[in-house]
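Trainee: File entry_2.cif follows (mmCIF, C-alpha atoms):
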```cif
data_run
#
loop_
_atom_site.label_atom_id
_atom_site.label_comp_id
_atom_site.auth_asym_id
_atom_site.auth_seq_id
_atom_site.Cartn_x
_atom_site.Cartn_y
_atom_site.Cartn_z
CA MET A 1 54.18 -44.48 105.46
CA ASP A 2 56.65 -47.22 104.47
CA ASN A 3 56.98 -46.11 100.84
CA ARG A 4 60.38 -44.50 101.36
CA ARG A 5 61.87 -47.80 102.57
CA ILE A 6 60.17 -49.84 99.84
CA PHE A 7 61.22 -47.67 96.90
CA ALA A 8 64.74 -47.18 98.27
CA PHE A 9 65.08 -50.96 98.57
CA LEU A 10 63.89 -51.53 95.00
CA HIS A 11 66.10 -48.78 93.62
CA GLU A 12 69.20 -50.13 95.36
CA ARG A 13 68.58 -53.68 94.14
CA LEU A 14 67.79 -52.66 90.57
CA THR A 15 70.82 -50.39 90.24
CA SER A 16 73.01 -53.23 91.51
CA GLY A 17 71.81 -55.41 88.63
CA GLN A 18 69.27 -57.60 90.43
CA ALA A 19 65.73 -58.27 89.24
CA ALA A 20 62.87 -57.01 91.39
CA VAL A 21 59.09 -56.71 91.49
CA LEU A 22 56.82 -53.90 92.63
CA VAL A 23 53.86 -55.52 94.39
CA THR A 24 50.69 -53.43 94.79
CA VAL A 25 47.30 -53.97 96.41
CA ILE A 26 44.90 -52.77 93.72
CA ALA A 27 41.55 -53.75 95.25
CA VAL A 28 40.12 -54.89 98.58
CA GLU A 29 36.96 -56.88 99.22
CA GLY A 30 35.57 -56.69 102.74
CA SER A 31 37.87 -55.90 105.63
CA SER A 32 41.65 -55.74 105.27
CA MET A 33 44.64 -54.59 107.31
CA ARG A 34 46.09 -52.66 104.35
CA GLY A 35 44.22 -50.72 101.70
CA PRO A 36 44.50 -50.20 97.92
CA GLY A 37 47.79 -48.56 96.97
CA THR A 38 49.85 -50.48 99.54
CA HIS A 39 53.18 -51.71 98.15
CA MET A 40 55.80 -54.34 98.78
CA GLY A 41 59.16 -54.61 97.08
CA VAL A 42 60.49 -58.11 96.33
CA CYS A 43 63.95 -58.98 95.00
CA GLU A 44 65.01 -62.09 93.12
CA ASP A 45 67.01 -63.28 96.15
CA ASP A 46 63.78 -63.65 98.23
CA SER A 47 64.42 -60.47 100.22
CA PHE A 48 61.54 -58.01 100.51
CA VAL A 49 60.46 -54.80 102.19
CA GLY A 50 56.89 -53.92 103.13
CA SER A 51 53.84 -55.71 104.45
CA LEU A 52 50.43 -56.36 102.94
CA SER A 53 48.64 -58.31 105.64
CA GLY A 54 50.70 -58.36 108.83
CA GLY A 55 52.23 -61.73 107.95
CA CYS A 56 49.29 -63.82 106.71
CA ILE A 57 50.19 -63.94 103.02
CA GLU A 58 53.70 -62.50 102.68
CA SER A 59 55.37 -65.85 101.93
CA ALA A 60 52.88 -66.59 99.15
CA VAL A 61 53.28 -63.04 97.81
CA VAL A 62 57.06 -63.49 97.61
CA ALA A 63 56.60 -66.83 95.79
CA GLU A 64 54.29 -65.19 93.24
CA ALA A 65 56.74 -62.32 92.78
CA LEU A 66 59.58 -64.74 92.06
CA GLU A 67 57.45 -66.49 89.44
CA ALA A 68 56.68 -63.12 87.86
CA VAL A 69 60.42 -62.38 87.74
CA HIS A 70 61.13 -65.77 86.14
CA GLU A 71 58.43 -65.29 83.51
CA ALA A 72 59.13 -61.56 83.10
CA LYS A 73 55.39 -61.06 82.97
CA ALA A 74 52.98 -59.02 85.09
CA ARG A 75 50.12 -60.76 86.89
CA THR A 76 47.23 -60.07 89.23
CA VAL A 77 46.47 -62.60 91.97
CA ARG A 78 43.57 -62.80 94.44
CA PHE A 79 44.41 -63.64 98.06
CA GLY A 80 41.90 -64.40 100.80
CA SER A 81 38.20 -64.75 99.95
CA GLY A 82 37.77 -66.21 96.44
CA SER A 83 41.46 -67.04 96.03
CA ARG A 84 42.92 -70.14 94.41
CA TYR A 85 45.08 -70.33 97.54
CA ILE A 86 42.44 -72.28 99.47
CA ASP A 87 44.85 -72.90 102.36
CA ILE A 88 45.58 -69.20 102.90
CA LYS A 89 42.86 -67.31 104.72
CA LEU A 90 42.88 -63.72 105.90
CA PRO A 91 41.73 -63.47 109.54
CA CYS A 92 39.57 -60.49 108.60
CA GLY A 93 37.71 -62.64 106.06
CA GLY A 94 38.34 -60.23 103.20
CA GLY A 95 40.02 -60.55 99.84
CA LEU A 96 42.94 -58.73 98.23
CA ASP A 97 43.67 -58.31 94.52
CA ILE A 98 47.44 -57.91 94.28
CA HIS A 99 49.39 -56.90 91.19
CA PHE A 100 52.95 -58.02 90.48
CA LEU A 101 55.00 -55.75 88.22
CA PRO A 102 58.44 -57.06 87.16
CA LEU A 103 60.64 -53.99 86.82
CA LYS A 104 62.71 -53.62 83.65
CA ASN A 105 65.11 -51.06 85.11
CA ALA A 106 65.42 -48.49 87.89
CA SER A 107 63.93 -45.57 85.94
CA LEU A 108 60.33 -45.75 87.20
CA ILE A 109 61.37 -46.47 90.78
CA GLY A 110 63.96 -43.68 90.65
CA LYS A 111 61.28 -41.13 89.73
CA CYS A 112 59.09 -42.32 92.60
CA LEU A 113 61.97 -42.17 95.05
CA THR A 114 62.91 -38.65 93.93
CA ALA A 115 59.33 -37.49 94.54
CA ILE A 116 59.26 -39.16 97.96
CA GLU A 117 62.54 -37.51 98.99
CA ALA A 118 61.27 -34.14 97.72
CA ARG A 119 58.00 -34.57 99.66
CA SER A 120 56.02 -34.20 96.45
CA PRO A 121 52.75 -35.99 95.64
CA PHE A 122 52.85 -38.38 92.70
CA SER A 123 50.94 -41.21 91.08
CA LEU A 124 51.55 -44.39 89.14
CA ARG A 125 49.39 -45.67 86.29
CA ILE A 126 49.69 -49.42 85.73
CA GLN A 127 48.45 -51.40 82.76
CA LEU A 128 47.66 -54.58 84.65
CA GLU A 129 48.08 -57.14 81.85
CA SER A 130 50.89 -55.64 79.79
CA GLY A 131 52.87 -54.55 82.83
CA GLU A 132 53.45 -51.09 81.40
CA ALA A 133 53.64 -48.45 84.12
CA SER A 134 54.10 -44.69 84.03
CA PHE A 135 54.96 -42.04 86.60
CA SER A 136 53.13 -38.74 86.96
CA SER A 137 54.10 -35.82 89.16
CA GLU A 138 50.37 -35.05 89.38
CA TRP A 139 48.49 -36.73 92.22
CA ARG A 140 45.51 -38.83 91.15
CA ARG A 141 43.25 -40.79 93.46
CA THR A 142 43.98 -44.51 93.89
CA GLU A 143 41.51 -46.35 91.66
CA HIS A 144 41.17 -49.80 90.09
CA ARG A 145 39.43 -49.87 86.71
CA PRO A 146 38.71 -53.54 85.91
CA THR A 147 36.93 -52.76 82.64
CA ASN A 148 40.05 -51.40 80.97
CA ARG A 149 42.48 -53.34 83.16
CA THR A 150 44.28 -50.36 84.67
CA ALA A 151 45.04 -49.14 88.15
CA ASN A 152 46.00 -45.70 89.30
CA ILE A 153 47.95 -45.43 92.55
CA GLY A 154 48.21 -41.98 94.16
CA HIS A 155 50.65 -41.13 96.92
CA TRP A 156 51.10 -38.04 99.05
CA PRO A 157 54.07 -37.39 101.34
CA GLU A 158 54.63 -39.08 104.68
CA PRO A 159 54.08 -36.95 107.78
CA LYS A 160 56.85 -34.57 108.78
CA LEU A 161 57.19 -33.77 112.46
CA MET A 162 58.38 -30.29 113.38
CA ILE A 163 59.23 -30.07 117.08
CA VAL A 164 59.55 -26.56 118.54
CA GLY A 165 60.67 -26.37 122.13
CA HIS A 166 63.23 -27.29 124.74
CA GLY A 167 63.75 -30.00 127.34
CA ALA A 168 63.96 -33.79 127.49
CA ALA A 169 60.58 -34.36 125.84
CA VAL A 170 61.92 -32.85 122.59
CA LEU A 171 64.73 -35.39 122.49
CA SER A 172 62.41 -38.30 123.32
CA LEU A 173 59.88 -37.32 120.65
CA ALA A 174 62.55 -36.75 117.98
CA LYS A 175 64.12 -40.16 118.58
CA LEU A 176 60.79 -41.99 118.63
CA ALA A 177 59.66 -40.33 115.40
CA ARG A 178 62.90 -41.28 113.67
CA GLN A 179 62.40 -44.90 114.71
CA MET A 180 59.25 -44.75 112.61
CA ASP A 181 61.30 -43.24 109.76
CA LEU A 182 59.44 -39.92 109.81
CA THR A 183 61.08 -36.74 108.62
CA VAL A 184 61.91 -34.79 111.79
CA GLU A 185 62.99 -31.18 112.31
CA VAL A 186 63.79 -29.65 115.70
CA CYS A 187 63.77 -25.90 116.36
CA SER A 188 65.10 -25.01 119.79
CA PRO A 189 66.96 -22.29 121.70
CA ASP A 190 68.67 -25.05 123.73
CA GLU A 191 72.19 -25.52 122.37
CA ASP A 192 72.89 -28.54 124.59
CA LEU A 193 69.71 -30.21 123.33
CA ARG A 194 70.64 -29.64 119.70
CA LYS A 195 74.08 -31.13 120.36
CA SER A 196 72.62 -34.15 122.14
CA ILE A 197 70.39 -34.90 119.14
CA GLY A 198 73.55 -34.89 117.05
CA ASN A 199 72.07 -37.06 114.30
CA GLY A 200 72.28 -36.22 110.62
CA ASP A 201 68.81 -37.74 110.14
CA ILE A 202 67.27 -35.04 112.34
CA ALA A 203 67.60 -31.45 111.18
CA THR A 204 68.12 -28.99 114.03
CA THR A 205 67.80 -25.19 113.91
CA ARG A 206 68.62 -22.62 116.56
CA LEU A 207 65.88 -20.28 117.73
CA ALA A 208 67.65 -17.06 118.61
CA THR A 209 64.66 -15.30 120.22
CA PRO A 210 60.95 -15.96 120.90
CA ALA A 211 60.23 -13.90 117.77
CA ASP A 212 62.57 -15.91 115.53
CA THR A 213 59.85 -17.39 113.29
CA ALA A 214 61.94 -17.92 110.12
CA PRO A 215 62.98 -21.54 110.89
CA ILE A 216 59.35 -22.72 110.96
CA THR A 217 58.73 -23.76 107.37
CA THR A 218 56.09 -26.39 106.64
CA ASP A 219 53.92 -28.11 104.05
CA PRO A 220 50.39 -29.56 104.28
CA TRP A 221 51.82 -32.86 105.55
CA THR A 222 53.57 -31.31 108.55
CA ALA A 223 52.63 -31.75 112.20
CA ILE A 224 53.88 -28.93 114.44
CA THR A 225 54.39 -29.68 118.12
CA PHE A 226 55.26 -27.08 120.75
CA LEU A 227 57.07 -28.47 123.78
CA PHE A 228 57.99 -25.43 125.87
CA HIS A 229 57.90 -25.37 129.66
CA ASP A 230 58.42 -21.60 129.41
CA HIS A 231 55.25 -20.68 127.52
CA ASP A 232 56.41 -17.10 126.91
CA TRP A 233 58.69 -18.62 124.28
CA GLU A 234 55.89 -20.05 122.18
CA ILE A 235 53.37 -17.25 121.52
CA ALA A 236 54.89 -15.45 118.52
CA LEU A 237 56.22 -18.74 117.14
CA MET A 238 52.81 -20.37 117.42
CA ALA A 239 51.01 -17.40 115.87
CA HIS A 240 53.34 -17.74 112.89
CA ALA A 241 52.92 -21.52 112.74
CA MET A 242 49.13 -21.22 112.70
CA GLN A 243 49.40 -19.36 109.40
CA GLN A 244 51.60 -22.03 107.80
CA PRO A 245 50.24 -25.18 106.11
CA HIS A 246 49.94 -28.11 108.51
CA PHE A 247 47.60 -30.94 109.45
CA TYR A 248 48.28 -30.87 113.18
CA LEU A 249 49.31 -28.26 115.72
CA GLY A 250 49.64 -29.25 119.36
CA ALA A 251 51.13 -27.73 122.49
CA MET A 252 52.29 -29.05 125.84
CA GLY A 253 50.78 -27.69 129.06
CA GLY A 254 47.66 -27.92 131.21
CA ARG A 255 44.47 -25.86 131.24
CA LYS A 256 46.02 -22.86 132.96
CA ALA A 257 48.87 -22.75 130.46
CA HIS A 258 46.45 -23.05 127.55
CA ALA A 259 44.26 -20.24 128.94
CA PHE A 260 47.34 -17.98 129.04
CA ARG A 261 48.28 -19.10 125.52
CA THR A 262 44.79 -18.48 124.17
CA GLU A 263 44.59 -14.92 125.51
CA ALA A 264 48.07 -14.11 124.20
CA LEU A 265 47.22 -15.44 120.73
CA ARG A 266 44.00 -13.42 120.67
CA GLY A 267 46.08 -10.36 121.52
CA LEU A 268 48.13 -11.02 118.37
CA GLY A 269 44.98 -11.17 116.25
CA CYS A 270 44.75 -14.94 115.79
CA SER A 271 41.29 -16.17 114.88
CA GLU A 272 39.11 -18.17 117.24
CA GLN A 273 38.90 -20.92 114.64
CA ALA A 274 42.69 -21.26 114.50
CA ILE A 275 42.99 -21.16 118.30
CA ASP A 276 40.28 -23.81 118.70
CA ALA A 277 42.19 -26.11 116.33
CA ILE A 278 45.18 -26.29 118.70
CA HIS A 279 45.50 -29.71 120.35
CA ALA A 280 46.15 -28.82 123.96
CA PRO A 281 47.00 -30.55 126.18
CA ILE A 282 48.96 -32.38 123.50
CA GLY A 283 48.71 -36.11 122.97
CA LEU A 284 46.27 -39.02 123.14
CA PHE A 285 46.43 -39.21 126.92
CA HIS A 286 47.17 -36.30 129.20
CA SER A 287 49.04 -35.64 132.44
CA SER A 288 52.05 -37.49 131.04
CA ARG A 289 54.84 -36.74 133.49
CA ASP A 290 57.87 -38.40 131.95
CA PRO A 291 59.39 -37.44 128.57
CA ASP A 292 59.10 -40.88 126.95
CA THR A 293 55.41 -41.25 127.78
CA LEU A 294 54.69 -37.74 126.55
CA ALA A 295 56.53 -38.55 123.31
CA LEU A 296 54.49 -41.72 122.80
CA SER A 297 51.24 -39.91 123.54
CA THR A 298 52.12 -37.08 121.15
CA LEU A 299 53.33 -39.22 118.26
CA GLY A 300 50.30 -41.50 118.53
CA HIS A 301 48.03 -38.47 118.28
CA VAL A 302 49.94 -37.09 115.28
CA ILE A 303 49.75 -40.37 113.35
CA GLU A 304 46.07 -40.78 114.20
CA GLU A 305 45.33 -37.31 112.81
CA TYR A 306 47.43 -37.96 109.70
CA HIS A 307 45.37 -41.03 108.83
CA ARG A 308 42.14 -39.10 109.35
CA GLN A 309 43.07 -36.49 106.75
CA ASP A 310 42.01 -36.27 103.14
CA PHE A 311 44.87 -34.42 101.45
CA SER A 312 43.31 -34.55 97.98
CA ASP A 313 43.10 -30.77 97.54
CA ALA A 314 46.59 -30.17 98.96
CA ALA A 315 48.10 -32.84 96.71
CA ARG A 316 46.72 -31.38 93.48
#
```
How would this structure read if it were set down as structure tokens?

Mentor:
Amino acid sequence: MDNRRIFAFLHERLTSGQAAVLVTVIAVEGSSMRGPGTHMGVCEDDSFVGSLSGGCIESAVVAEALEAVHEAKARTVRFGSGSRYIDIKLPCGGGLDIHFLPLKNASLIGKCLTAIEARSPFSLRIQLESGEASFSSEWRRTEHRPTNRTANIGHWPEPKLMIVGHGAAVLSLAKLARQMDLTVEVCSPDEDLRKSIGNGDIATTRLATPADTAPITTDPWTAITFLFHDHDWEIALMAHAMQQPHFYLGAMGGRKAHAFRTEALRGLGCSEQAIDAIHAPIGLFHSSRDPDTLALSTLGHVIEEYHRQDFSDAAR
């Protein structure tokens, strides 16, 4: 989920004439905080973006990256169990094989960043010893092939949060999601709410009527959240949303509200399977009375569901 920041950092530094390294976890032995395909970006001035271990090895990773820049040569280094860094241990007891790719120019990173901004799956193929790397707009599963010294790193888009509703909880959820650098869209009939969001990073769209379904456009990496106190507003919108690609659909309200919602959706011909997939009451913990707590509960549930998904079929 931090790829946008990492690739934007590398692209900015490379286009300004600085040398930089793409750091990638290519294999994990045992337990690890981050998995294969995790990146860091390191610049020749010691600055970096990203995290591989929560702070255990980052300083050593930066030092290796700077050596790779100086030598202009790719390398793979083991950290943790079995590493030559005997004084650096991972608390989880595992081992990480990390590849350091000195970047010759901004071309490769620019292609990755374009795909990230377009919310398109992509993959990188890295020749581990030669340091040759290629971009593909086709998603391929992350895989380390030690026999032919290659690694394939597949990425699908970060979660997008579409918030449909009105009230203070919409504002709280939108702001919290943006703090995590998620793509956020708000669809609301509340003009004052849309004005209060007033941030170019958050797209807002006016809902003219409860049947105004056109603004709800999604992709497989979208979470749709309905935050209406007036549940009459949500029925037609939700029936439309259920037919759109998404990995999460949740709605605010207690059991009585959900019983009303369920009957109304059945009346519109929605399937029992689709109705059963609605997360209601929304969030990890329920009976959240204040907007900020509801936002935290909702966003936590969305991110949990995102990490549970296998988007392989959607990404191809």

Trainee: Determine the residue set returned by the PyMOL selection byres ((chain A and resi 118) around 12) for the present structure, and present it as a list of chain:residue names.

Mentor: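 When the PyMOL selection byres ((chain A and resi 118) around 12) is applied to the shown file, the picked residues are A:Arg4, A:Lys111, A:Cys112, A:Leu113, A:Thr114, A:Ala115, A:Ile116, A:Glu117, A:Arg119, A:Ser120, A:Pro121, A:Phe122, A:Ser137, A:Trp156, A:Pro157, A:Glu158, A:Lys160, A:Thr183, A:Asp219.
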
Trainee: Given the selection you just returned, output its residues as a file containing C-alpha atoms, formatted as an mmCIF file, in the coordinates of the input.

Mentor:
```
data_model
loop_
_atom_site.group_PDB
_atom_site.id
_atom_site.type_symbol
_atom_site.label_atom_id
_atom_site.label_comp_id
_atom_site.auth_asym_id
_atom_site.auth_seq_id
_atom_site.Cartn_x
_atom_site.Cartn_y
_atom_site.Cartn_z
ATOM 1 C CA ARG A 4 60.380 -44.500 101.360
ATOM 2 C CA LYS A 111 61.280 -41.130 89.730
ATOM 3 C CA CYS A 112 59.090 -42.320 92.600
ATOM 4 C CA LEU A 113 61.970 -42.170 95.050
ATOM 5 C CA THR A 114 62.910 -38.650 93.930
ATOM 6 C CA ALA A 115 59.330 -37.490 94.540
ATOM 7 C CA ILE A 116 59.260 -39.160 97.960
ATOM 8 C CA GLU A 117 62.540 -37.510 98.990
ATOM 9 C CA ARG A 119 58.000 -34.570 99.660
ATOM 10 C CA SER A 120 56.020 -34.200 96.450
ATOM 11 C CA PRO A 121 52.750 -35.990 95.640
ATOM 12 C CA PHE A 122 52.850 -38.380 92.700
ATOM 13 C CA SER A 137 54.100 -35.820 89.160
ATOM 14 C CA TRP A 156 51.100 -38.040 99.050
ATOM 15 C CA PRO A 157 54.070 -37.390 101.340
ATOM 16 C CA GLU A 158 54.630 -39.080 104.680
ATOM 17 C CA LYS A 160 56.850 -34.570 108.780
ATOM 18 C CA THR A 183 61.080 -36.740 108.620
ATOM 19 C CA ASP A 219 53.920 -28.110 104.050
#
```

Trainee: Ranking A:Pro245, A:Ile216, A:Asp276, A:Phe260 by minimum distance to His231 in chain A and counting only C-alpha atoms, which one comes first?

Mentor: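 Among the listed residues, A:Phe260 lies closest to His231 in chain A.
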
Trainee: Name every residue that the PyMOL selection byres ((chain A and resi 27) around 10) selects in this structure, writing the answer as a ChimeraX atom specification with chains first and numbers rising.

Mentor: /A:24-26,28-29,35-38,78,95-99,142-146,151

Trainee: Which residues are close to Leu173 in chain A, i.e. within 12 Å by all atoms listed in the file, leaving aside same-chain residues fewer than 6 positions away? Reply as a PyMOL selection string.

Mentor: chain A and resi 161-167+179-180+182+184-186+197+202+225-227+283+290-300+302

Trainee: Which is closest to Thr204 in chain A among A:Thr222, A:Ser188, A:Ser172, A:Asn148, if we use all atoms listed in the file?

Mentor: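 Nearest to Thr204 in chain A: A:Ser188.
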
Trainee: State, in Å with one decimal place, the distance from CA of Ala174 in chain A to CA of Asp190 in chain A.

Mentor: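 Going from CA of Ala174 in chain A over to CA of Asp190 in chain A, I get 14.4 Å.
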
Trainee: Between A:Val21, A:Leu103, A:Arg194, A:Phe79, which has the minimum distance to Glu67 in chain A (counting only C-alpha atoms)?

Mentor: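 Checking each candidate against Glu67 in chain A, we get A:Val21 as the closest.
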
Trainee: Would you mind listing what lies within 8 Å of range 241-243 of chain A as a compact mmCIF listing (two decimals) with C-alpha atoms, in the coordinates of the input, with all atoms listed in the file counted and same-chain residues fewer than 4 positions away left out?

Mentor:
```txt
# COMPACT_ATOMS: atom_id res chain seq x y z
CA ILE A 216 59.35 -22.72 110.96
CA ILE A 224 53.88 -28.93 114.44
CA LEU A 237 56.22 -18.74 117.14
CA LEU A 249 49.31 -28.26 115.72
CA ALA A 274 42.69 -21.26 114.50
```

Trainee: Between CA of Thr15 in chain A and CA of Ile153 in chain A, measure the distance and give it in Å to one decimal.

Mentor: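 Calculated distance between CA of Thr15 in chain A and CA of Ile153 in chain A is 23.5 Å.
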
Trainee: Within 8 Å of (49.2, -39.7, 88.0) (coordinates as in the file), grab all the protein and nucleic acid residues, counting only C-alpha atoms, and write them out as a list in words.

Mentor: Phe122, Ser123, Leu124, Arg125, Phe135, Ser136, Ser137, Glu138, Trp139, Arg140, Asn152, Ile153 and Gly154 of chain A

Trainee: What is the CA of Ile6 in chain A-CA of Lys73 in chain A distance in Å, reported with one decimal?

Mentor: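 Separation between CA of Ile6 in chain A and CA of Lys73 in chain A: 20.8 Å.
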
Trainee: Decode the PyMOL selection byres ((chain A and resi 303-309) around 8) for the given file into explicit residues and return them as an MDAnalysis selection string.

Mentor: chainID A and resid 159 221 247:248 299:302 310:311

Trainee: Store the residues picked out above, limited to C-alpha atoms, as a compact mmCIF listing (two decimals), keeping the file's coordinate frame.

Mentor:
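Printed below is again.txt as written:
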```
# COMPACT_ATOMS: atom_id res chain seq x y z
CA PRO A 159 54.08 -36.95 107.78
CA TRP A 221 51.82 -32.86 105.55
CA PHE A 247 47.60 -30.94 109.45
CA TYR A 248 48.28 -30.87 113.18
CA LEU A 299 53.33 -39.22 118.26
CA GLY A 300 50.30 -41.50 118.53
CA HIS A 301 48.03 -38.47 118.28
CA VAL A 302 49.94 -37.09 115.28
CA ASP A 310 42.01 -36.27 103.14
CA PHE A 311 44.87 -34.42 101.45
```

Trainee: Give me, as a list of chain:residue names, all polymer residues having an atom no more than 7 Å from Ile282 in chain A, counting only C-alpha atoms and skipping those fewer than 6 positions away in the same chain.

Mentor: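 Using only C-alpha atoms, the neighbours found are A:Gly250, A:Ala251, A:Met252, A:Thr298.
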
Trainee: Between A:Phe7, A:Ile275, A:Ala65, A:Ala20, which one has atoms that come closest to Glu263 in chain A, using only C-alpha atoms?

Mentor: A:Ile275

Trainee: Choose the residue, out of A:Leu66, A:Ala259, A:Leu128, A:Ala264, that has the smallest atom-to-atom separation from Pro281 in chain A; count only C-alpha atoms.

Mentor: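 Distance minimum relative to Pro281 in chain A lands on A:Ala259.
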
Trainee: Within 8 Å of Ile235 in chain A, counting only C-alpha atoms, which residues qualify if same-chain residues fewer than 5 places away don't, as a ChimeraX atom specification?

Mentor: /A:210,261,264-265

Trainee: Add whatever atoms are absent from range 184-198 of chain A to reach N, CA, C and O atoms, and provide the output as a short mmCIF file (atom, residue, chain, number, x, y, z; two decimals), keeping the file's coordinate frame.

Mentor:
```cif
data_model
loop_
_atom_site.label_atom_id
_atom_site.label_comp_id
_atom_site.auth_asym_id
_atom_site.auth_seq_id
_atom_site.Cartn_x
_atom_site.Cartn_y
_atom_site.Cartn_z
N VAL A 184 61.99 -35.52 110.52
CA VAL A 184 61.91 -34.79 111.79
C VAL A 184 62.79 -33.55 111.72
O VAL A 184 63.93 -33.60 111.27
N GLU A 185 62.23 -32.42 112.16
CA GLU A 185 62.99 -31.18 112.31
C GLU A 185 62.79 -30.66 113.73
O GLU A 185 61.66 -30.67 114.24
N VAL A 186 63.85 -30.19 114.35
CA VAL A 186 63.79 -29.65 115.70
C VAL A 186 64.24 -28.20 115.67
O VAL A 186 65.33 -27.89 115.15
N CYS A 187 63.42 -27.31 116.21
CA CYS A 187 63.77 -25.90 116.36
C CYS A 187 63.81 -25.59 117.86
O CYS A 187 62.80 -25.75 118.55
N SER A 188 64.97 -25.18 118.35
CA SER A 188 65.10 -25.01 119.79
C SER A 188 66.14 -23.95 120.12
O SER A 188 67.15 -23.81 119.41
N PRO A 189 65.93 -23.21 121.23
CA PRO A 189 66.96 -22.29 121.70
C PRO A 189 68.02 -22.99 122.54
O PRO A 189 69.02 -22.38 122.93
N ASP A 190 67.82 -24.28 122.82
CA ASP A 190 68.67 -25.05 123.73
C ASP A 190 69.84 -25.66 122.96
O ASP A 190 69.69 -26.66 122.25
N GLU A 191 71.02 -25.05 123.11
CA GLU A 191 72.19 -25.52 122.37
C GLU A 191 72.59 -26.92 122.80
O GLU A 191 72.96 -27.76 121.97
N ASP A 192 72.52 -27.21 124.10
CA ASP A 192 72.89 -28.54 124.59
C ASP A 192 71.95 -29.61 124.02
O ASP A 192 72.38 -30.71 123.68
N LEU A 193 70.67 -29.28 123.91
CA LEU A 193 69.71 -30.21 123.33
C LEU A 193 70.04 -30.50 121.88
O LEU A 193 70.05 -31.65 121.45
N ARG A 194 70.33 -29.45 121.12
CA ARG A 194 70.64 -29.64 119.70
C ARG A 194 71.89 -30.49 119.54
O ARG A 194 71.97 -31.35 118.65
N LYS A 195 72.87 -30.31 120.42
CA LYS A 195 74.08 -31.13 120.36
C LYS A 195 73.79 -32.58 120.72
O LYS A 195 74.35 -33.50 120.13
N SER A 196 72.92 -32.78 121.71
CA SER A 196 72.62 -34.15 122.14
C SER A 196 71.86 -34.92 121.08
O SER A 196 71.97 -36.15 121.00
N ILE A 197 71.07 -34.22 120.25
CA ILE A 197 70.39 -34.90 119.14
C ILE A 197 71.43 -35.40 118.17
O ILE A 197 71.41 -36.56 117.78
N GLY A 198 72.34 -34.52 117.77
CA GLY A 198 73.55 -34.89 117.05
C GLY A 198 73.41 -35.98 116.01
O GLY A 198 74.27 -36.84 115.88
#
```
